[in-house]
$ cat run-v1.json   # JSON, C-alpha atoms and all ligand atoms
[["chain", "number", "residue", "atom", "x", "y", "z"],
["A", 1, "MET", "CA", 13.36, 9.21, 1.96],
["A", 2, "ILE", "CA", 14.50, 9.06, 5.55],
["A", 3, "ALA", "CA", 14.39, 5.90, 7.65],
["A", 4, "ASN", "CA", 11.35, 6.78, 9.76],
["A", 5, "ARG", "CA", 9.04, 6.78, 6.73],
["A", 6, "THR", "CA", 7.04, 4.14, 4.88],
["A", 7, "PHE", "CA", 4.86, 4.07, 1.80],
["A", 8, "THR", "CA", 1.26, 2.78, 1.62],
["A", 9, "MET", "CA", -1.58, 2.40, -0.84],
["A", 10, "ILE", "CA", -5.25, 1.90, -0.01],
["A", 11, "LYS", "CA", -5.97, -0.58, -2.80],
["A", 12, "PRO", "CA", -8.91, -0.57, -5.26],
["A", 13, "ASP", "CA", -10.94, -3.16, -3.28],
["A", 14, "ALA", "CA", -10.90, -1.05, -0.10],
["A", 15, "VAL", "CA", -11.72, 2.13, -2.05],
["A", 16, "GLU", "CA", -14.64, 0.36, -3.81],
["A", 17, "ASN", "CA", -15.93, -0.92, -0.48],
["A", 18, "GLY", "CA", -15.94, 2.54, 1.14],
["A", 19, "HIS", "CA", -13.07, 1.98, 3.58],
["A", 20, "ILE", "CA", -10.82, 5.00, 2.88],
["A", 21, "GLY", "CA", -12.00, 6.85, 6.01],
["A", 22, "GLY", "CA", -11.81, 3.79, 8.28],
["A", 23, "ILE", "CA", -8.30, 2.92, 7.13],
["A", 24, "LEU", "CA", -6.97, 6.49, 7.42],
["A", 25, "ASP", "CA", -8.42, 6.63, 10.95],
["A", 26, "LYS", "CA", -6.59, 3.41, 11.92],
["A", 27, "ILE", "CA", -3.36, 4.82, 10.46],
["A", 28, "THR", "CA", -3.47, 8.21, 12.20],
["A", 29, "SER", "CA", -4.79, 6.72, 15.47],
["A", 30, "ALA", "CA", -1.72, 4.45, 15.50],
["A", 31, "GLY", "CA", 0.52, 7.51, 15.51],
["A", 32, "PHE", "CA", 1.50, 7.77, 11.84],
["A", 33, "LYS", "CA", 1.75, 11.28, 10.39],
["A", 34, "ILE", "CA", 0.71, 11.67, 6.73],
["A", 35, "VAL", "CA", 3.52, 13.56, 4.97],
["A", 36, "ALA", "CA", 2.24, 12.98, 1.40],
["A", 37, "MET", "CA", -1.09, 11.77, 0.04],
["A", 38, "LYS", "CA", -2.99, 11.55, -3.27],
["A", 39, "TYR", "CA", -6.10, 9.94, -4.78],
["A", 40, "THR", "CA", -5.01, 8.49, -8.10],
["A", 41, "GLN", "CA", -5.28, 5.49, -10.42],
["A", 42, "LEU", "CA", -2.44, 3.31, -11.73],
["A", 43, "SER", "CA", -2.33, 2.61, -15.45],
["A", 44, "THR", "CA", -1.55, -0.97, -16.51],
["A", 45, "ARG", "CA", 2.00, 0.13, -17.23],
["A", 46, "ASP", "CA", 2.32, 1.84, -13.80],
["A", 47, "ALA", "CA", 1.18, -1.34, -12.04],
["A", 48, "GLU", "CA", 3.53, -3.51, -14.13],
["A", 49, "GLU", "CA", 6.42, -1.25, -13.17],
["A", 50, "PHE", "CA", 5.49, -0.93, -9.49],
["A", 51, "TYR", "CA", 5.19, -4.72, -9.12],
["A", 52, "ALA", "CA", 8.07, -5.66, -11.48],
["A", 53, "VAL", "CA", 9.71, -7.57, -8.61],
["A", 54, "HIS", "CA", 6.79, -10.06, -8.79],
["A", 55, "LYS", "CA", 6.99, -10.48, -12.59],
["A", 56, "GLU", "CA", 7.75, -14.22, -12.47],
["A", 57, "ARG", "CA", 5.05, -15.01, -9.89],
["A", 58, "PRO", "CA", 1.92, -16.81, -11.10],
["A", 59, "PHE", "CA", -0.32, -14.05, -9.71],
["A", 60, "TYR", "CA", 1.48, -11.16, -11.48],
["A", 61, "GLY", "CA", -1.14, -10.66, -14.24],
["A", 62, "GLU", "CA", -4.00, -10.79, -11.75],
["A", 63, "LEU", "CA", -2.16, -8.36, -9.45],
["A", 64, "VAL", "CA", -1.55, -5.83, -12.25],
["A", 65, "GLU", "CA", -5.18, -6.03, -13.39],
["A", 66, "PHE", "CA", -6.48, -5.62, -9.84],
["A", 67, "MET", "CA", -4.22, -2.70, -8.91],
["A", 68, "SER", "CA", -5.10, -0.75, -12.06],
["A", 69, "ARG", "CA", -8.89, -1.38, -12.08],
["A", 70, "GLY", "CA", -9.88, 1.64, -10.00],
["A", 71, "PRO", "CA", -8.63, 4.51, -7.86],
["A", 72, "ILE", "CA", -6.24, 4.11, -4.95],
["A", 73, "VAL", "CA", -4.99, 6.36, -2.16],
["A", 74, "ALA", "CA", -1.18, 6.59, -2.11],
["A", 75, "ALA", "CA", 0.57, 8.04, 0.95],
["A", 76, "ILE", "CA", 3.91, 8.43, 2.68],
["A", 77, "LEU", "CA", 3.72, 7.97, 6.45],
["A", 78, "GLU", "CA", 6.12, 9.05, 9.18],
["A", 79, "LYS", "CA", 6.67, 7.48, 12.60],
["A", 80, "ASP", "CA", 9.61, 6.03, 14.52],
["A", 81, "ASN", "CA", 10.25, 2.51, 13.15],
["A", 82, "ALA", "CA", 7.69, 3.23, 10.41],
["A", 83, "VAL", "CA", 8.22, 0.21, 8.10],
["A", 84, "GLU", "CA", 8.02, -2.43, 10.83],
["A", 85, "ASP", "CA", 5.26, -0.75, 12.85],
["A", 86, "PHE", "CA", 3.11, -0.24, 9.75],
["A", 87, "ARG", "CA", 3.46, -3.88, 8.70],
["A", 88, "ALA", "CA", 2.30, -4.87, 12.19],
["A", 89, "LEU", "CA", -0.69, -2.50, 11.88],
["A", 90, "ILE", "CA", -1.78, -3.91, 8.49],
["A", 91, "GLY", "CA", -1.28, -7.61, 9.38],
["A", 92, "ALA", "CA", -0.37, -10.65, 7.29],
["A", 93, "THR", "CA", -0.64, -10.59, 3.47],
["A", 94, "ASN", "CA", -3.36, -13.23, 3.67],
["A", 95, "PRO", "CA", -6.26, -11.74, 5.70],
["A", 96, "ALA", "CA", -7.16, -15.24, 6.92],
["A", 97, "GLU", "CA", -3.83, -15.18, 8.81],
["A", 98, "ALA", "CA", -3.97, -11.52, 9.89],
["A", 99, "ALA", "CA", -4.16, -10.76, 13.62],
["A", 100, "GLU", "CA", -7.32, -9.37, 15.21],
["A", 101, "GLY", "CA", -7.56, -5.59, 14.95],
["A", 102, "THR", "CA", -5.21, -5.29, 11.99],
["A", 103, "ILE", "CA", -6.31, -3.38, 8.90],
["A", 104, "ARG", "CA", -6.31, -6.49, 6.70],
["A", 105, "LYS", "CA", -8.29, -8.48, 9.28],
["A", 106, "LEU", "CA", -10.88, -5.70, 9.31],
["A", 107, "TYR", "CA", -11.02, -4.76, 5.64],
["A", 108, "ALA", "CA", -9.30, -7.26, 3.30],
["A", 109, "THR", "CA", -11.24, -9.92, 1.44],
["A", 110, "SER", "CA", -8.53, -12.25, 0.03],
["A", 111, "ILE", "CA", -4.76, -12.67, -0.36],
["A", 112, "GLY", "CA", -4.94, -10.90, -3.73],
["A", 113, "GLU", "CA", -7.40, -8.17, -2.76],
["A", 114, "ASN", "CA", -5.91, -7.31, 0.59],
["A", 115, "ALA", "CA", -6.95, -3.67, 1.11],
["A", 116, "VAL", "CA", -3.57, -2.05, 1.77],
["A", 117, "HIS", "CA", 0.08, -2.07, 0.79],
["A", 118, "GLY", "CA", 2.98, -1.46, 3.15],
["A", 119, "SER", "CA", 6.66, -1.23, 2.13],
["A", 120, "ASP", "CA", 8.83, -4.14, 3.29],
["A", 121, "SER", "CA", 12.08, -2.19, 3.87],
["A", 122, "ASP", "CA", 13.39, 1.37, 4.24],
["A", 123, "GLU", "CA", 14.99, 1.02, 0.81],
["A", 124, "ASN", "CA", 11.74, -0.01, -0.88],
["A", 125, "ALA", "CA", 9.82, 2.67, 1.02],
["A", 126, "ALA", "CA", 12.09, 5.27, -0.57],
["A", 127, "ILE", "CA", 11.75, 3.74, -4.06],
["A", 128, "GLU", "CA", 7.96, 3.37, -3.80],
["A", 129, "GLY", "CA", 7.45, 6.86, -2.38],
["A", 130, "ALA", "CA", 9.51, 8.37, -5.21],
["A", 131, "PHE", "CA", 7.45, 6.37, -7.74],
["A", 132, "HIS", "CA", 4.29, 8.25, -6.69],
["A", 133, "PHE", "CA", 5.42, 11.65, -5.37],
["A", 134, "ALA", "CA", 7.57, 14.55, -6.55],
["A", 135, "GLY", "CA", 9.75, 16.15, -3.89],
["A", 136, "ARG", "CA", 7.45, 19.19, -3.63],
["A", 137, "GLU", "CA", 4.49, 16.89, -2.77],
["A", 138, "VAL", "CA", 6.20, 15.51, 0.35],
["A", 139, "PHE", "CA", 5.99, 17.55, 3.56],
["A", 201, "LIG", "P1", 1.45, -6.59, -1.22],
["A", 201, "LIG", "O1", 2.29, -7.28, -0.20],
["A", 201, "LIG", "O2", 0.97, -5.22, -0.95],
["A", 201, "LIG", "O3", 2.26, -6.58, -2.60],
["A", 201, "LIG", "C1", 2.34, -7.77, -3.36],
["A", 201, "LIG", "C2", 0.95, -8.25, -3.60],
["A", 201, "LIG", "O4", 0.82, -9.42, -4.36],
["A", 201, "LIG", "C3", 0.32, -8.61, -2.26],
["A", 201, "LIG", "O5", 0.15, -7.46, -1.50],
["A", 201, "LIG", "C4", -0.95, -9.28, -2.74],
["A", 201, "LIG", "O6", -1.92, -8.31, -3.13],
["A", 201, "LIG", "C5", -0.43, -9.97, -4.00],
["A", 201, "LIG", "N1", -0.26, -11.40, -3.72],
["A", 201, "LIG", "C6", 0.65, -11.96, -2.93],
["A", 201, "LIG", "N2", 0.51, -13.30, -2.90],
["A", 201, "LIG", "C7", -0.55, -13.58, -3.72],
["A", 201, "LIG", "C8", -1.18, -14.76, -4.12],
["A", 201, "LIG", "N3", -0.76, -15.96, -3.67],
["A", 201, "LIG", "N4", -2.23, -14.67, -4.97],
["A", 201, "LIG", "C9", -2.64, -13.47, -5.44],
["A", 201, "LIG", "N5", -2.05, -12.30, -5.08],
["A", 201, "LIG", "C10", -1.03, -12.35, -4.24]]
$ encode --input "run-v1.json" --output "structure tokens" --more "lines below"
Ligand code: CMP
Amino acid sequence: MIANRTFTMIKPDAVENGHIGGILDKITSAGFKIVAMKYTQLSTRDAEEFYAVHKERPFYGELVEFMSRGPIVAAILEKDNAVEDFRALIGATNPAEAAEGTIRKLYATSIGENAVHGSDSDENAAIEGAFHFAGREVF
């Protein structure tokens, strides 16, 4: 994946709470172009693999259970400086620390159930995008 792209998921909590439309509006209004998108659900094994980097963290089991409990929206987004700009748009991991107007401030309920994912580097954006999408699904 090229450097002006990032990967996101609208997590099960935000889907359950009816925030898909609101979050997609924030994303496109901020100038991100959706170049891939699907409504899907992670299996336990998918979530374990996606979050393998957090395997030793105390919240790993809770995270895997949460991320596989219901549908998500996965997407690849394009914009200049995509990774950094998207992390600014979503706000801090803990919604209590997220800035006003950010997606997590608006829609997240806790540090664990925090509404959206955003890749933390160009390298991880490429890995995470490839985890969810075949080449012919990316435009
Ligand atoms: P995200 O940054 O998208 O990917 C890692 C996730 O781990 C993070 O969002 C949170 O959902 C979760 N997470 C991080 N820290 C904690 C924590 N202290 N307790 C529970 N979940 C956490």
$ residues_near_ligand --input "run-v1.json" --ligand "ligand LIG 201 (chain A)" --cutoff "8 Å" --atoms "only C-alpha atoms and all ligand atoms" --output "NGL selection string"
:A and (51 or 54 or 58-60 or 62-63 or 93-94 or 111-114 or 116-119)
$ atom_distance --input "run-v1.json" --atom1 "CA of Ser68 (chain A)" --atom2 "CA of Gln41 (chain A)"
6.5 Å
$ atom_distance --input "run-v1.json" --atom1 "CA of Leu42 (chain A)" --atom2 "CA of Thr8 (chain A)"
13.9 Å
$ residues_around --input "run-v1.json" --residues "region 21-29 of chain A" --least-positions-apart "6" --cutoff "9 Å" --atoms "all atoms listed in the file" --output "NGL selection string"
:A and (10 or 14 or 77 or 86 or 89 or 102-103 or 107 or 116)
$ atom_distance --input "run-v1.json" --atom1 "CA of Met9 (chain A)" --atom2 "CA of Ile72 (chain A)"
6.4 Å
$ residues_around --input "run-v1.json" --residues "Asp13 (chain A)" --least-positions-apart "3" --cutoff "7 Å" --atoms "only C-alpha atoms" --output "list in words"
Glu16, Asn17, Glu113 and Ala115 of chain A
$ write_last_selection --input "run-v1.json" --atoms "C-alpha atoms" --output "PDB file, keeping the file's coordinate frame"
ATOM      1  CA  GLU A  16     -14.640   0.360  -3.810  1.00  0.00           C
ATOM      2  CA  ASN A  17     -15.930  -0.920  -0.480  1.00  0.00           C
ATOM      3  CA  GLU A 113      -7.400  -8.170  -2.760  1.00  0.00           C
ATOM      4  CA  ALA A 115      -6.950  -3.670   1.110  1.00  0.00           C
TER       5      ALA A 115
END
$ residues_around --input "run-v1.json" --residues "Arg136 (chain A)" --least-positions-apart "5" --cutoff "12 Å" --atoms "all atoms listed in the file" --output "list in words"
Val35, Ala36, Met37 and Ala130 of chain A
$ decode --input "run-v1.json" --residues "region 29-45 of chain A" --atoms "all heavy atoms" --output "PDB file, in the first residue's frame"
ATOM      1  N   SER A  29     -15.854  13.943   5.314  1.00  0.00           N
ATOM      2  CA  SER A  29     -15.841  15.413   5.467  1.00  0.00           C
ATOM      3  C   SER A  29     -14.442  15.937   5.770  1.00  0.00           C
ATOM      4  O   SER A  29     -14.131  17.091   5.484  1.00  0.00           O
ATOM      5  CB  SER A  29     -16.787  15.850   6.587  1.00  0.00           C
ATOM      6  OG  SER A  29     -18.109  15.516   6.267  1.00  0.00           O
ATOM      7  N   ALA A  30     -13.590  15.074   6.365  1.00  0.00           N
ATOM      8  CA  ALA A  30     -12.214  15.483   6.674  1.00  0.00           C
ATOM      9  C   ALA A  30     -11.290  15.301   5.470  1.00  0.00           C
ATOM     10  O   ALA A  30     -10.075  15.533   5.572  1.00  0.00           O
ATOM     11  CB  ALA A  30     -11.692  14.671   7.866  1.00  0.00           C
ATOM     12  N   GLY A  31     -11.844  14.877   4.352  1.00  0.00           N
ATOM     13  CA  GLY A  31     -11.043  14.818   3.123  1.00  0.00           C
ATOM     14  C   GLY A  31     -10.453  13.461   2.793  1.00  0.00           C
ATOM     15  O   GLY A  31      -9.647  13.347   1.869  1.00  0.00           O
ATOM     16  N   PHE A  32     -10.851  12.422   3.529  1.00  0.00           N
ATOM     17  CA  PHE A  32     -10.357  11.074   3.213  1.00  0.00           C
ATOM     18  C   PHE A  32     -11.233  10.468   2.117  1.00  0.00           C
ATOM     19  O   PHE A  32     -12.464  10.556   2.182  1.00  0.00           O
ATOM     20  CB  PHE A  32     -10.393  10.172   4.451  1.00  0.00           C
ATOM     21  CG  PHE A  32      -9.384  10.558   5.489  1.00  0.00           C
ATOM     22  CD1 PHE A  32      -9.693  11.506   6.466  1.00  0.00           C
ATOM     23  CD2 PHE A  32      -8.116   9.999   5.487  1.00  0.00           C
ATOM     24  CE1 PHE A  32      -8.762  11.888   7.409  1.00  0.00           C
ATOM     25  CE2 PHE A  32      -7.176  10.367   6.430  1.00  0.00           C
ATOM     26  CZ  PHE A  32      -7.508  11.307   7.402  1.00  0.00           C
ATOM     27  N   LYS A  33     -10.568   9.831   1.162  1.00  0.00           N
ATOM     28  CA  LYS A  33     -11.280   9.106   0.097  1.00  0.00           C
ATOM     29  C   LYS A  33     -11.286   7.626   0.467  1.00  0.00           C
ATOM     30  O   LYS A  33     -10.246   7.076   0.864  1.00  0.00           O
ATOM     31  CB  LYS A  33     -10.531   9.331  -1.219  1.00  0.00           C
ATOM     32  CG  LYS A  33     -11.142   8.650  -2.410  1.00  0.00           C
ATOM     33  CD  LYS A  33     -10.278   8.914  -3.643  1.00  0.00           C
ATOM     34  CE  LYS A  33     -10.710   8.007  -4.783  1.00  0.00           C
ATOM     35  NZ  LYS A  33      -9.686   7.970  -5.842  1.00  0.00           N
ATOM     36  N   ILE A  34     -12.454   6.987   0.364  1.00  0.00           N
ATOM     37  CA  ILE A  34     -12.558   5.550   0.666  1.00  0.00           C
ATOM     38  C   ILE A  34     -12.136   4.781  -0.585  1.00  0.00           C
ATOM     39  O   ILE A  34     -12.788   4.888  -1.629  1.00  0.00           O
ATOM     40  CB  ILE A  34     -13.994   5.190   1.078  1.00  0.00           C
ATOM     41  CG1 ILE A  34     -14.354   5.928   2.384  1.00  0.00           C
ATOM     42  CG2 ILE A  34     -14.148   3.677   1.244  1.00  0.00           C
ATOM     43  CD1 ILE A  34     -15.838   5.893   2.728  1.00  0.00           C
ATOM     44  N   VAL A  35     -11.035   4.022  -0.487  1.00  0.00           N
ATOM     45  CA  VAL A  35     -10.554   3.264  -1.655  1.00  0.00           C
ATOM     46  C   VAL A  35     -10.839   1.772  -1.520  1.00  0.00           C
ATOM     47  O   VAL A  35     -10.654   1.011  -2.478  1.00  0.00           O
ATOM     48  CB  VAL A  35      -9.057   3.526  -1.942  1.00  0.00           C
ATOM     49  CG1 VAL A  35      -8.832   4.991  -2.299  1.00  0.00           C
ATOM     50  CG2 VAL A  35      -8.166   3.108  -0.779  1.00  0.00           C
ATOM     51  N   ALA A  36     -11.295   1.337  -0.340  1.00  0.00           N
ATOM     52  CA  ALA A  36     -11.752  -0.046  -0.121  1.00  0.00           C
ATOM     53  C   ALA A  36     -12.655  -0.018   1.098  1.00  0.00           C
ATOM     54  O   ALA A  36     -12.400   0.737   2.037  1.00  0.00           O
ATOM     55  CB  ALA A  36     -10.577  -0.985   0.129  1.00  0.00           C
ATOM     56  N   MET A  37     -13.733  -0.845   1.074  1.00  0.00           N
ATOM     57  CA  MET A  37     -14.600  -0.883   2.251  1.00  0.00           C
ATOM     58  C   MET A  37     -15.425  -2.170   2.256  1.00  0.00           C
ATOM     59  O   MET A  37     -15.896  -2.615   1.217  1.00  0.00           O
ATOM     60  CB  MET A  37     -15.545   0.314   2.283  1.00  0.00           C
ATOM     61  CG  MET A  37     -16.382   0.378   3.556  1.00  0.00           C
ATOM     62  SD  MET A  37     -17.140   1.996   3.862  1.00  0.00           S
ATOM     63  CE  MET A  37     -18.342   2.034   2.578  1.00  0.00           C
ATOM     64  N   LYS A  38     -15.589  -2.771   3.461  1.00  0.00           N
ATOM     65  CA  LYS A  38     -16.489  -3.920   3.589  1.00  0.00           C
ATOM     66  C   LYS A  38     -17.089  -4.002   4.994  1.00  0.00           C
ATOM     67  O   LYS A  38     -16.490  -3.526   5.966  1.00  0.00           O
ATOM     68  CB  LYS A  38     -15.783  -5.226   3.233  1.00  0.00           C
ATOM     69  CG  LYS A  38     -14.670  -5.644   4.142  1.00  0.00           C
ATOM     70  CD  LYS A  38     -14.163  -7.048   3.794  1.00  0.00           C
ATOM     71  CE  LYS A  38     -13.447  -7.127   2.478  1.00  0.00           C
ATOM     72  NZ  LYS A  38     -12.652  -8.356   2.282  1.00  0.00           N
ATOM     73  N   TYR A  39     -18.297  -4.585   5.033  1.00  0.00           N
ATOM     74  CA  TYR A  39     -19.004  -4.868   6.289  1.00  0.00           C
ATOM     75  C   TYR A  39     -18.768  -6.346   6.551  1.00  0.00           C
ATOM     76  O   TYR A  39     -19.152  -7.202   5.742  1.00  0.00           O
ATOM     77  CB  TYR A  39     -20.486  -4.568   6.066  1.00  0.00           C
ATOM     78  CG  TYR A  39     -21.358  -4.500   7.305  1.00  0.00           C
ATOM     79  CD1 TYR A  39     -20.912  -3.879   8.466  1.00  0.00           C
ATOM     80  CD2 TYR A  39     -22.642  -5.018   7.280  1.00  0.00           C
ATOM     81  CE1 TYR A  39     -21.736  -3.795   9.580  1.00  0.00           C
ATOM     82  CE2 TYR A  39     -23.470  -4.934   8.398  1.00  0.00           C
ATOM     83  CZ  TYR A  39     -23.008  -4.318   9.541  1.00  0.00           C
ATOM     84  OH  TYR A  39     -23.821  -4.227  10.648  1.00  0.00           O
ATOM     85  N   THR A  40     -18.127  -6.663   7.674  1.00  0.00           N
ATOM     86  CA  THR A  40     -17.675  -8.029   7.891  1.00  0.00           C
ATOM     87  C   THR A  40     -17.608  -8.304   9.388  1.00  0.00           C
ATOM     88  O   THR A  40     -17.884  -7.422  10.194  1.00  0.00           O
ATOM     89  CB  THR A  40     -16.290  -8.219   7.213  1.00  0.00           C
ATOM     90  OG1 THR A  40     -15.882  -9.586   7.311  1.00  0.00           O
ATOM     91  CG2 THR A  40     -15.224  -7.333   7.831  1.00  0.00           C
ATOM     92  N   GLN A  41     -17.288  -9.528   9.765  1.00  0.00           N
ATOM     93  CA  GLN A  41     -17.101  -9.845  11.184  1.00  0.00           C
ATOM     94  C   GLN A  41     -15.831 -10.672  11.341  1.00  0.00           C
ATOM     95  O   GLN A  41     -15.605 -11.634  10.589  1.00  0.00           O
ATOM     96  CB  GLN A  41     -18.311 -10.616  11.735  1.00  0.00           C
ATOM     97  CG  GLN A  41     -18.166 -10.918  13.234  1.00  0.00           C
ATOM     98  CD  GLN A  41     -19.454 -11.363  13.898  1.00  0.00           C
ATOM     99  OE1 GLN A  41     -20.515 -11.427  13.265  1.00  0.00           O
ATOM    100  NE2 GLN A  41     -19.381 -11.675  15.179  1.00  0.00           N
ATOM    101  N   LEU A  42     -15.007 -10.322  12.320  1.00  0.00           N
ATOM    102  CA  LEU A  42     -13.791 -11.077  12.600  1.00  0.00           C
ATOM    103  C   LEU A  42     -14.142 -12.345  13.380  1.00  0.00           C
ATOM    104  O   LEU A  42     -14.935 -12.295  14.313  1.00  0.00           O
ATOM    105  CB  LEU A  42     -12.823 -10.239  13.451  1.00  0.00           C
ATOM    106  CG  LEU A  42     -12.292  -8.939  12.832  1.00  0.00           C
ATOM    107  CD1 LEU A  42     -11.469  -8.171  13.862  1.00  0.00           C
ATOM    108  CD2 LEU A  42     -11.458  -9.227  11.598  1.00  0.00           C
ATOM    109  N   SER A  43     -13.547 -13.461  13.014  1.00  0.00           N
ATOM    110  CA  SER A  43     -13.634 -14.655  13.860  1.00  0.00           C
ATOM    111  C   SER A  43     -12.678 -14.447  15.043  1.00  0.00           C
ATOM    112  O   SER A  43     -11.846 -13.526  15.035  1.00  0.00           O
ATOM    113  CB  SER A  43     -13.217 -15.893  13.072  1.00  0.00           C
ATOM    114  OG  SER A  43     -11.839 -15.790  12.749  1.00  0.00           O
ATOM    115  N   THR A  44     -12.781 -15.324  16.053  1.00  0.00           N
ATOM    116  CA  THR A  44     -11.827 -15.240  17.168  1.00  0.00           C
ATOM    117  C   THR A  44     -10.403 -15.331  16.640  1.00  0.00           C
ATOM    118  O   THR A  44      -9.522 -14.562  17.035  1.00  0.00           O
ATOM    119  CB  THR A  44     -12.092 -16.384  18.170  1.00  0.00           C
ATOM    120  OG1 THR A  44     -13.427 -16.254  18.650  1.00  0.00           O
ATOM    121  CG2 THR A  44     -11.129 -16.337  19.342  1.00  0.00           C
ATOM    122  N   ARG A  45     -10.187 -16.263  15.730  1.00  0.00           N
ATOM    123  CA  ARG A  45      -8.830 -16.449  15.194  1.00  0.00           C
ATOM    124  C   ARG A  45      -8.354 -15.214  14.419  1.00  0.00           C
ATOM    125  O   ARG A  45      -7.192 -14.815  14.519  1.00  0.00           O
ATOM    126  CB  ARG A  45      -8.798 -17.689  14.300  1.00  0.00           C
ATOM    127  CG  ARG A  45      -7.394 -17.992  13.822  1.00  0.00           C
ATOM    128  CD  ARG A  45      -7.336 -19.177  12.901  1.00  0.00           C
ATOM    129  NE  ARG A  45      -7.558 -20.425  13.602  1.00  0.00           N
ATOM    130  CZ  ARG A  45      -7.306 -21.623  13.073  1.00  0.00           C
ATOM    131  NH1 ARG A  45      -6.840 -21.723  11.850  1.00  0.00           N
ATOM    132  NH2 ARG A  45      -7.526 -22.725  13.761  1.00  0.00           N
TER     133      ARG A  45
END
